[in-house]
Every structure is written in C-alpha cells, then in structure tokens.
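**Student:** Got a structure for you, final_16.cif, holding mmCIF, C-alpha atoms and all ligand atoms.
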data_coords
loop_
_atom_site.group_PDB
_atom_site.id
_atom_site.type_symbol
_atom_site.label_atom_id
_atom_site.label_comp_id
_atom_site.auth_asym_id
_atom_site.auth_seq_id
_atom_site.Cartn_x
_atom_site.Cartn_y
_atom_site.Cartn_z
ATOM 1 C CA MET A 1 -1.100 19.419 15.435
ATOM 2 C CA THR A 2 -0.879 21.221 12.140
ATOM 3 C CA ASP A 3 -0.068 19.815 8.786
ATOM 4 C CA SER A 4 3.646 19.555 8.088
ATOM 5 C CA LYS A 5 3.540 17.747 4.772
ATOM 6 C CA ILE A 6 6.496 18.330 2.521
ATOM 7 C CA GLN A 7 5.580 20.321 -0.589
ATOM 8 C CA TYR A 8 8.851 19.900 -2.430
ATOM 9 C CA LYS A 9 12.510 19.165 -1.738
ATOM 10 C CA THR A 10 15.422 21.546 -2.185
ATOM 11 C CA PRO A 11 19.089 21.578 -1.153
ATOM 12 C CA ASN A 12 19.939 23.968 1.686
ATOM 13 C CA TYR A 13 22.606 24.554 4.322
ATOM 14 C CA CYS A 14 21.754 22.948 7.667
ATOM 15 C CA PRO A 15 23.739 24.468 10.606
ATOM 16 C CA THR A 16 23.127 21.373 12.729
ATOM 17 C CA CYS A 17 24.473 18.944 10.130
ATOM 18 C CA ASN A 18 26.982 21.571 8.949
ATOM 19 C CA SER A 19 26.555 20.611 5.342
ATOM 20 C CA ILE A 20 24.377 21.162 2.322
ATOM 21 C CA VAL A 21 21.555 18.706 2.786
ATOM 22 C CA GLU A 22 18.246 17.881 1.191
ATOM 23 C CA THR A 23 15.503 19.892 2.909
ATOM 24 C CA GLY A 24 11.746 19.547 2.634
ATOM 25 C CA VAL A 25 9.727 22.765 2.234
ATOM 26 C CA ILE A 26 6.710 22.736 4.547
ATOM 27 C CA PHE A 27 5.300 26.238 4.155
ATOM 28 C CA THR A 28 5.919 29.312 2.000
ATOM 29 C CA TYR A 29 4.591 32.766 2.767
ATOM 30 C CA THR A 30 5.008 35.440 0.091
ATOM 31 C CA TYR A 31 4.539 39.181 0.445
ATOM 32 C CA ASN A 32 5.509 42.459 -1.259
ATOM 33 C CA VAL A 33 4.546 40.754 -4.510
ATOM 34 C CA THR A 34 4.405 43.028 -7.511
ATOM 35 C CA TYR A 35 3.262 42.052 -10.992
ATOM 36 C CA THR A 36 5.098 43.652 -13.878
ATOM 37 C CA ASP A 37 2.569 41.975 -16.175
ATOM 38 C CA GLU A 38 0.361 38.927 -15.795
ATOM 39 C CA LEU A 39 3.215 36.489 -16.471
ATOM 40 C CA GLN A 40 5.887 38.231 -14.408
ATOM 41 C CA ASN A 41 6.050 38.889 -10.713
ATOM 42 C CA GLU A 42 8.566 39.357 -7.948
ATOM 43 C CA GLY A 43 8.485 39.568 -4.182
ATOM 44 C CA THR A 44 9.750 38.214 -0.873
ATOM 45 C CA ALA A 45 9.214 34.676 0.377
ATOM 46 C CA ILE A 46 9.592 33.321 3.907
ATOM 47 C CA ILE A 47 10.172 29.605 3.689
ATOM 48 C CA LEU A 48 9.849 27.092 6.488
ATOM 49 C CA SER A 49 11.573 23.828 5.745
ATOM 50 C CA LYS A 50 13.070 20.915 7.614
ATOM 51 C CA CYS A 51 16.374 19.165 7.230
ATOM 52 C CA LEU A 52 15.657 15.668 5.965
ATOM 53 C CA ASN A 53 18.793 14.446 7.666
ATOM 54 C CA CYS A 54 18.351 15.724 11.261
ATOM 55 C CA GLU A 55 14.682 16.858 11.098
ATOM 56 C CA ARG A 56 15.502 20.336 12.532
ATOM 57 C CA PRO A 57 13.531 23.363 11.236
ATOM 58 C CA ILE A 58 15.126 26.002 9.008
ATOM 59 C CA LEU A 59 13.578 29.378 8.217
ATOM 60 C CA THR A 60 14.861 31.416 5.278
ATOM 61 C CA GLU A 61 13.920 34.631 3.533
ATOM 62 C CA GLU A 62 14.552 35.095 -0.161
ATOM 63 C CA GLN A 63 13.747 37.489 -2.983
ATOM 64 C CA PHE A 64 12.074 35.700 -5.854
ATOM 65 C CA GLN A 65 11.279 36.513 -9.430
ATOM 66 C CA ASN A 66 8.974 34.586 -11.755
ATOM 67 C CA ILE A 67 8.933 35.065 -15.481
ATOM 68 C CA GLU A 68 6.460 32.768 -17.194
ATOM 69 C CA GLU A 69 7.404 29.256 -16.088
ATOM 70 C CA HIS A 70 10.921 30.267 -14.958
ATOM 71 C CA SER A 71 11.684 31.309 -11.418
ATOM 72 C CA TRP A 72 14.783 32.636 -9.677
ATOM 73 C CA SER A 73 15.574 33.477 -6.130
ATOM 74 C CA ASN A 74 18.433 35.427 -4.656
ATOM 75 C CA ASP A 75 19.585 37.271 -1.510
ATOM 76 C CA LYS A 76 18.792 34.261 0.622
ATOM 77 C CA ILE A 77 19.034 35.040 4.346
ATOM 78 C CA GLN A 78 18.825 32.410 7.045
ATOM 79 C CA LEU A 79 16.461 33.620 9.792
ATOM 80 C CA TYR A 80 16.591 30.511 11.961
ATOM 81 C CA PRO A 81 18.767 29.057 13.390
ATOM 82 C CA ILE A 82 20.466 32.426 13.814
ATOM 83 C CA SER A 83 24.118 32.171 12.918
ATOM 84 C CA ASP A 84 25.028 35.860 12.724
ATOM 85 C CA ASN A 85 26.877 37.675 15.443
ATOM 86 C CA VAL A 86 25.298 41.012 16.533
ATOM 87 C CA ALA A 87 28.625 42.392 17.714
ATOM 88 C CA LEU A 88 30.074 42.177 14.240
ATOM 89 C CA LYS A 89 28.563 45.418 13.032
ATOM 90 C CA ASN A 90 30.525 47.316 15.702
ATOM 91 C CA ALA A 91 33.811 45.469 15.154
ATOM 92 C CA PRO A 92 36.487 46.827 12.805
ATOM 93 C CA ALA A 93 36.982 45.234 9.368
ATOM 94 C CA ILE A 94 40.256 43.573 10.408
ATOM 95 C CA VAL A 95 38.246 41.551 12.952
ATOM 96 C CA ILE A 96 35.115 41.017 10.833
ATOM 97 C CA ASN A 97 36.988 39.622 7.838
ATOM 98 C CA PRO A 98 38.704 36.686 9.560
ATOM 99 C CA TYR A 99 35.445 35.958 11.409
ATOM 100 C CA LYS A 100 33.541 35.694 8.131
ATOM 101 C CA GLU A 101 36.329 33.586 6.650
ATOM 102 C CA ALA A 102 36.223 31.278 9.687
ATOM 103 C CA ILE A 103 32.481 30.743 9.154
ATOM 104 C CA LYS A 104 33.052 30.014 5.453
ATOM 105 C CA CYS A 105 35.797 27.504 6.263
ATOM 106 C CA TYR A 106 33.593 25.832 8.879
ATOM 107 C CA ARG A 107 30.758 25.455 6.389
ATOM 108 C CA ALA A 108 33.199 24.002 3.868
ATOM 109 C CA GLN A 109 34.292 21.539 6.605
ATOM 110 C CA ALA A 110 37.834 22.953 6.387
ATOM 111 C CA TYR A 111 38.399 22.801 10.148
ATOM 112 C CA ASP A 112 42.164 23.489 10.150
ATOM 113 C CA ALA A 113 41.584 26.629 8.077
ATOM 114 C CA CYS A 114 38.692 27.601 10.354
ATOM 115 C CA VAL A 115 40.761 27.581 13.571
ATOM 116 C CA ILE A 116 43.617 29.394 11.798
ATOM 117 C CA MET A 117 41.135 32.138 10.835
ATOM 118 C CA CYS A 118 39.903 32.363 14.434
ATOM 119 C CA ARG A 119 43.515 32.781 15.542
ATOM 120 C CA LYS A 120 43.973 35.504 12.928
ATOM 121 C CA GLY A 121 40.857 37.193 14.328
ATOM 122 C CA ILE A 122 42.326 37.156 17.842
ATOM 123 C CA GLU A 123 45.510 38.701 16.461
ATOM 124 C CA ALA A 124 43.370 41.407 14.786
ATOM 125 C CA ILE A 125 41.621 42.143 18.100
ATOM 126 C CA CYS A 126 45.060 42.720 19.704
ATOM 127 C CA VAL A 127 46.058 45.124 16.932
ATOM 128 C CA ASP A 128 42.725 46.956 17.190
ATOM 129 C CA LYS A 129 43.183 47.309 20.948
ATOM 130 C CA GLY A 130 46.641 48.822 20.493
ATOM 131 C CA GLU A 131 48.895 45.772 20.965
ATOM 132 C CA ALA A 132 50.850 45.247 17.774
ATOM 133 C CA LYS A 133 54.287 44.312 19.144
ATOM 134 C CA GLY A 134 55.591 40.862 20.020
ATOM 135 C CA ASN A 135 54.108 37.436 19.397
ATOM 136 C CA LEU A 136 50.441 36.659 19.941
ATOM 137 C CA ALA A 137 50.987 35.182 23.415
ATOM 138 C CA GLU A 138 52.720 38.398 24.540
ATOM 139 C CA LYS A 139 50.064 40.632 23.010
ATOM 140 C CA LEU A 140 47.277 38.746 24.760
ATOM 141 C CA LYS A 141 49.163 38.927 28.048
ATOM 142 C CA LYS A 142 49.418 42.715 27.667
ATOM 143 C CA LEU A 143 45.676 42.991 26.982
ATOM 144 C CA ASN A 144 45.121 40.998 30.146
ATOM 145 C CA ASP A 145 47.582 43.147 32.147
ATOM 146 C CA ASN A 146 45.862 46.360 31.136
ATOM 147 C CA LYS A 147 42.418 44.894 31.918
ATOM 148 C CA ILE A 148 41.018 44.978 28.375
ATOM 149 C CA LEU A 149 40.735 41.208 28.532
ATOM 150 C CA GLU A 150 39.560 39.948 31.900
ATOM 151 C CA ASP A 151 40.960 36.631 33.117
ATOM 152 C CA THR A 152 38.213 34.371 31.696
ATOM 153 C CA PHE A 153 38.306 36.020 28.286
ATOM 154 C CA TYR A 154 42.076 35.936 28.386
ATOM 155 C CA SER A 155 42.053 32.155 28.890
ATOM 156 C CA TRP A 156 39.552 31.704 26.036
ATOM 157 C CA ALA A 157 41.631 33.847 23.683
ATOM 158 C CA ASN A 158 44.727 31.931 24.698
ATOM 159 C CA GLU A 159 43.016 28.612 23.983
ATOM 160 C CA LEU A 160 42.041 29.878 20.519
ATOM 161 C CA ARG A 161 45.679 30.796 19.966
ATOM 162 C CA LEU A 162 46.762 27.237 20.860
ATOM 163 C CA ILE A 163 44.084 25.529 18.729
ATOM 164 C CA GLY A 164 45.037 27.869 15.866
ATOM 165 C CA ASN A 165 48.661 26.794 16.293
ATOM 166 C CA ASP A 166 47.601 23.141 15.994
ATOM 167 C CA GLY A 167 45.668 23.958 12.833
ATOM 168 C CA ALA A 168 48.674 25.719 11.352
ATOM 169 C CA HIS A 169 51.623 23.590 12.455
ATOM 170 C CA SER A 170 50.703 20.239 13.965
ATOM 171 C CA HIS A 171 50.578 17.082 11.899
ATOM 172 C CA VAL A 172 49.720 14.987 14.933
ATOM 173 C CA GLN A 173 47.005 16.959 16.709
ATOM 174 C CA ILE A 174 43.868 16.752 14.558
ATOM 175 C CA VAL A 175 41.425 19.652 14.626
ATOM 176 C CA THR A 176 37.915 18.185 14.853
ATOM 177 C CA GLN A 177 34.598 19.693 13.830
ATOM 178 C CA GLN A 178 33.835 20.272 17.528
ATOM 179 C CA ASP A 179 37.164 22.132 17.993
ATOM 180 C CA ALA A 180 36.308 24.365 15.037
ATOM 181 C CA LYS A 181 32.767 24.956 16.320
ATOM 182 C CA ASP A 182 34.082 25.791 19.817
ATOM 183 C CA SER A 183 36.665 28.163 18.327
ATOM 184 C CA ILE A 184 33.950 30.071 16.468
ATOM 185 C CA ASP A 185 31.767 30.163 19.595
ATOM 186 C CA PHE A 186 34.606 31.572 21.726
ATOM 187 C CA PHE A 187 35.584 34.038 19.022
ATOM 188 C CA ASP A 188 31.900 35.021 18.930
ATOM 189 C CA ALA A 189 31.814 35.532 22.683
ATOM 190 C CA LEU A 190 35.009 37.615 22.606
ATOM 191 C CA THR A 191 33.719 39.952 19.898
ATOM 192 C CA THR A 192 30.327 40.211 21.635
ATOM 193 C CA TYR A 193 32.086 41.168 24.855
ATOM 194 C CA LEU A 194 34.639 43.574 23.399
ATOM 195 C CA TYR A 195 32.614 45.243 20.641
ATOM 196 C CA HIS A 196 29.065 45.024 21.884
ATOM 197 C CA LEU A 197 28.617 44.576 25.636
ATOM 198 C CA VAL A 198 31.457 46.860 26.784
ATOM 199 C CA ASP A 199 30.137 49.537 24.447
ATOM 200 C CA GLN A 200 26.546 48.999 25.588
ATOM 201 C CA TYR A 201 27.621 49.175 29.232
ATOM 202 C CA ASP A 202 29.475 52.474 28.660
ATOM 203 C CA LYS A 203 26.359 53.944 27.047
ATOM 204 C CA LEU A 204 24.167 52.691 29.886
ATOM 205 C CA LYS A 205 26.475 54.247 32.474
ATOM 206 C CA LYS A 206 26.544 57.535 30.611
ATOM 207 C CA ARG A 207 22.755 57.571 30.349
ATOM 208 C CA ARG A 208 22.318 56.811 34.053
ATOM 209 C CA THR A 209 24.757 59.487 35.238
ATOM 210 C CA THR A 210 23.213 62.230 33.110
ATOM 211 C CA ILE A 211 19.716 61.659 34.563
HETATM 212 ZN ZN ZN A 301 20.348 18.835 9.551
#
If you convert what's in this file into structure tokens, what do you get?

**Tutor:**
Amino acid sequence: MTDSKIQYKTPNYCPTCNSIVETGVIFTYTYNVTYTDELQNEGTAIILSKCLNCERPILTEEQFQNIEEHSWSNDKIQLYPISDNVALKNAPAIVINPYKEAIKCYRAQAYDACVIMCRKGIEAICVDKGEAKGNLAEKLKKLNDNKILEDTFYSWANELRLIGNDGAHSHVQIVTQQDAKDSIDFFDALTTYLYHLVDQYDKLKKRRTTI
C-alpha cells in the first residue's frame, strides 16, 4: 500500500458522476519545467486525483505557470478515464461537430439536447456516405441496403434516430442520463466502425496483398 493522502482539494469533471465535483489531489508530477527567472517558472504537470463523491481515480495533464505567489494552469487534458474517440480524427467535420456538441450537452446534463445531437450526427454520417435524399429513416435504410451499414449497426443507428426523436418531439417520453450515455456510446461505436475500423481493414488488406 502506498500513501494516498489528499494534498489539496480542487473542482474537476468526474466522468463517472458526470458532473463537476470536488476532487482530492493525491500526487503531482511536474516535468519540462523552465525558469524564466527565480520567481517565474512554467511546465507540464500530471496530476492524479480522486473524486470525493465516487472515489474513482482521475488523471489529468495541464500546462502550468507560476509567477511569484500566483499560479495558472491551462490546456487541461483528461488522460484517464479516456473519453475521447480515436475514430474522430478520421471523420469529417460534419460528423465530428455534432459528436463534440453531444459530449458537451451530456456534461451539462442536457440529455434531450445530447440525444438530438447524436441524431444529427447520424444524419451527418448519411450525408457523408452519399445519402442526402429523403427522411432519416429512408437514408439509413439505403445505407443498410448498399451494405455500408451492416444489420447490427443499422439497428443501432435506427435506435439513435428514435431516441433523438423523443428528445426533440416527445413531452411524455423522458430521456434519462442512461439513454444519453447509451446514445453517445452507440454513436461512438458507429464512428469507430465507419471511420476507423473499415479504413484500418482496407489498409491491412492492401498491405497483405502487396506482400
Ligand atoms: Zn465521481
């Protein structure tokens, strides 16, 4: 067992609690520290903390700057739990934007808005894959017919469409936090499949046939 005493408390986003919570900093590792003079320095800090609400660990990286007794930090990146989608860098902007918006809405606990954004993302995928005509249900069906969306992915996308409809139009059907979380997870899986794995598989096949 190592020491996990809390050094100080600071507010942070906890993905498990899905809210800004009080976190306790357990350990800070700094590197790339440069001194502009003896009272000023800047560098990178890796900070291990724990959520004081659910006790889960959180690892962040931030750029800090100290001038005399004042300190700032910016460019905070969450390293753990990982919440970024690797497929995103290969997806077109029309798909990335609603995805990022959906994440923002989820973190703001705006679950209706979150599922509507996921639905918008699905619509963007259809447009990107060449299906711009008709309503969303028809576009998805066409993607399924021409084998861009296999049956399982087609049913997921269709479910996102229906949840998105509830978020947009229903006053009876309440969108819960779990619905919003599931929508993001399925949207995640769809983009990973369409913009990452399919691409990776094509490259693998190409590499293997040229050997
Ligand atoms: Zn928590």

**Student:** What gap, in Å, lies between CA of Gly167 (chain A) and CA of Ile82 (chain A)?

**Tutor:**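 Computed distance, CA of Gly167 (chain A) to CA of Ile82 (chain A), equals 26.6 Å.
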
**Student:** For ligand ZN 301 (chain A), return the neighbouring residues as a PDB file with C-alpha atoms, in the coordinates of the input (distance at most 7 Å; all atoms listed in the file).

**Tutor:**
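See part24.pdb below for the written result:
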ATOM      1  CA  CYS A  14      21.754  22.948   7.667  1.00  0.00           C
ATOM      2  CA  PRO A  15      23.739  24.468  10.606  1.00  0.00           C
ATOM      3  CA  THR A  16      23.127  21.373  12.729  1.00  0.00           C
ATOM      4  CA  CYS A  17      24.473  18.944  10.130  1.00  0.00           C
ATOM      5  CA  VAL A  21      21.555  18.706   2.786  1.00  0.00           C
ATOM      6  CA  CYS A  51      16.374  19.165   7.230  1.00  0.00           C
ATOM      7  CA  LEU A  52      15.657  15.668   5.965  1.00  0.00           C
ATOM      8  CA  ASN A  53      18.793  14.446   7.666  1.00  0.00           C
ATOM      9  CA  CYS A  54      18.351  15.724  11.261  1.00  0.00           C
ATOM     10  CA  GLU A  55      14.682  16.858  11.098  1.00  0.00           C
ATOM     11  CA  ARG A  56      15.502  20.336  12.532  1.00  0.00           C
TER      12      ARG A  56
END

**Student:** For this file, the PyMOL selection byres (((chain A and resi 174) around 12) and not hetatm) selects which residues, as an MDAnalysis selection string?

**Tutor:** chainID A and resid 110:112 115 163:173 175:180

**Student:** A:Lys139, A:Lys129, A:Lys206, A:Lys5: which is nearest Pro92 (chain A), counting all atoms listed in the file?

**Tutor:**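 Selected residue with least distance to Pro92 (chain A): A:Lys129.
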
**Student:** Please evaluate the PyMOL selection byres (((chain A and resi 96-102) around 9) and not hetatm) against the structure above and give the resulting residues as a PyMOL selection string.

**Tutor:** chain A and resi 88-89+91-95+103-107+111+113-121+124+180+184+187-188

**Student:** May I have a table of the residues of region 41-80 of chain A lying at most 7 Å from region 23-30 of chain A, giving each one's closest pair of atoms and their distance in Å to one decimal, counting only C-alpha atoms, ordered by chain and ascending residue number, as CSV?

**Tutor:**
residue,atom,partner,partner_atom,distance
A:Gly43,CA,A:Thr30,CA,6.9
A:Thr44,CA,A:Thr30,CA,5.6
A:Ala45,CA,A:Thr30,CA,4.3
A:Ile46,CA,A:Tyr29,CA,5.2
A:Ile47,CA,A:Thr28,CA,4.6
A:Leu48,CA,A:Phe27,CA,5.2
A:Ser49,CA,A:Val25,CA,4.1
A:Lys50,CA,A:Gly24,CA,5.3
A:Cys51,CA,A:Thr23,CA,4.5
A:Leu52,CA,A:Thr23,CA,5.2

**Student:** Could you list the residues chosen by the PyMOL selection byres (((chain A and resi 68) around 10) and not hetatm) in this structure as a PDB file with C-alpha atoms, in the frame of the given file?

**Tutor:**
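Once everything was written out, this is part.pdb:
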ATOM      1  CA  GLU A  38       0.361  38.927 -15.795  1.00  0.00           C
ATOM      2  CA  LEU A  39       3.215  36.489 -16.471  1.00  0.00           C
ATOM      3  CA  GLN A  40       5.887  38.231 -14.408  1.00  0.00           C
ATOM      4  CA  ASN A  41       6.050  38.889 -10.713  1.00  0.00           C
ATOM      5  CA  GLN A  65      11.279  36.513  -9.430  1.00  0.00           C
ATOM      6  CA  ASN A  66       8.974  34.586 -11.755  1.00  0.00           C
ATOM      7  CA  ILE A  67       8.933  35.065 -15.481  1.00  0.00           C
ATOM      8  CA  GLU A  69       7.404  29.256 -16.088  1.00  0.00           C
ATOM      9  CA  HIS A  70      10.921  30.267 -14.958  1.00  0.00           C
ATOM     10  CA  SER A  71      11.684  31.309 -11.418  1.00  0.00           C
TER      11      SER A  71
END

**Student:** CA of Asn74 (chain A) and CA of Ser19 (chain A), how far apart in Å?

**Tutor:**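 If I compute the distance from CA of Ser19 (chain A) to CA of Asn74 (chain A), I get 19.6 Å.
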
**Student:** In Å, with one decimal, what is the gap from CA of Ser155 (chain A) to CA of Lys181 (chain A)?

**Tutor:**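 CA of Lys181 (chain A) lies at a distance of 17.2 Å from CA of Ser155 (chain A).
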
**Student:** Write out as lines of an AutoDock Vina configuration file an axis-aligned box for region 151-155 of chain A: all of its atoms listed in the file, 6 Å added on each side, centre and edge lengths in Å with one decimal.

**Tutor:**
center_x = 40.1
center_y = 34.4
center_z = 30.7
size_x = 15.9
size_y = 16.5
size_z = 16.8

**Student:** Taking only C-alpha atoms into account, name the residue in A:Asn135, A:Phe64, A:Ile77, A:Thr34 that is nearest to Tyr13 (chain A).

**Tutor:**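 Among A:Asn135, A:Phe64, A:Ile77, A:Thr34, it is A:Ile77 that comes nearest to Tyr13 (chain A).
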
**Student:** Give the answer as one residue: which of A:Asn144, A:Ser73, A:Asn32, A:Gln109 has the shortest atom-to-atom distance to Glu131 (chain A), using all atoms listed in the file?

**Tutor:**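 When distances to Glu131 (chain A) are compared using all atoms listed in the file, the smallest one comes from A:Asn144.
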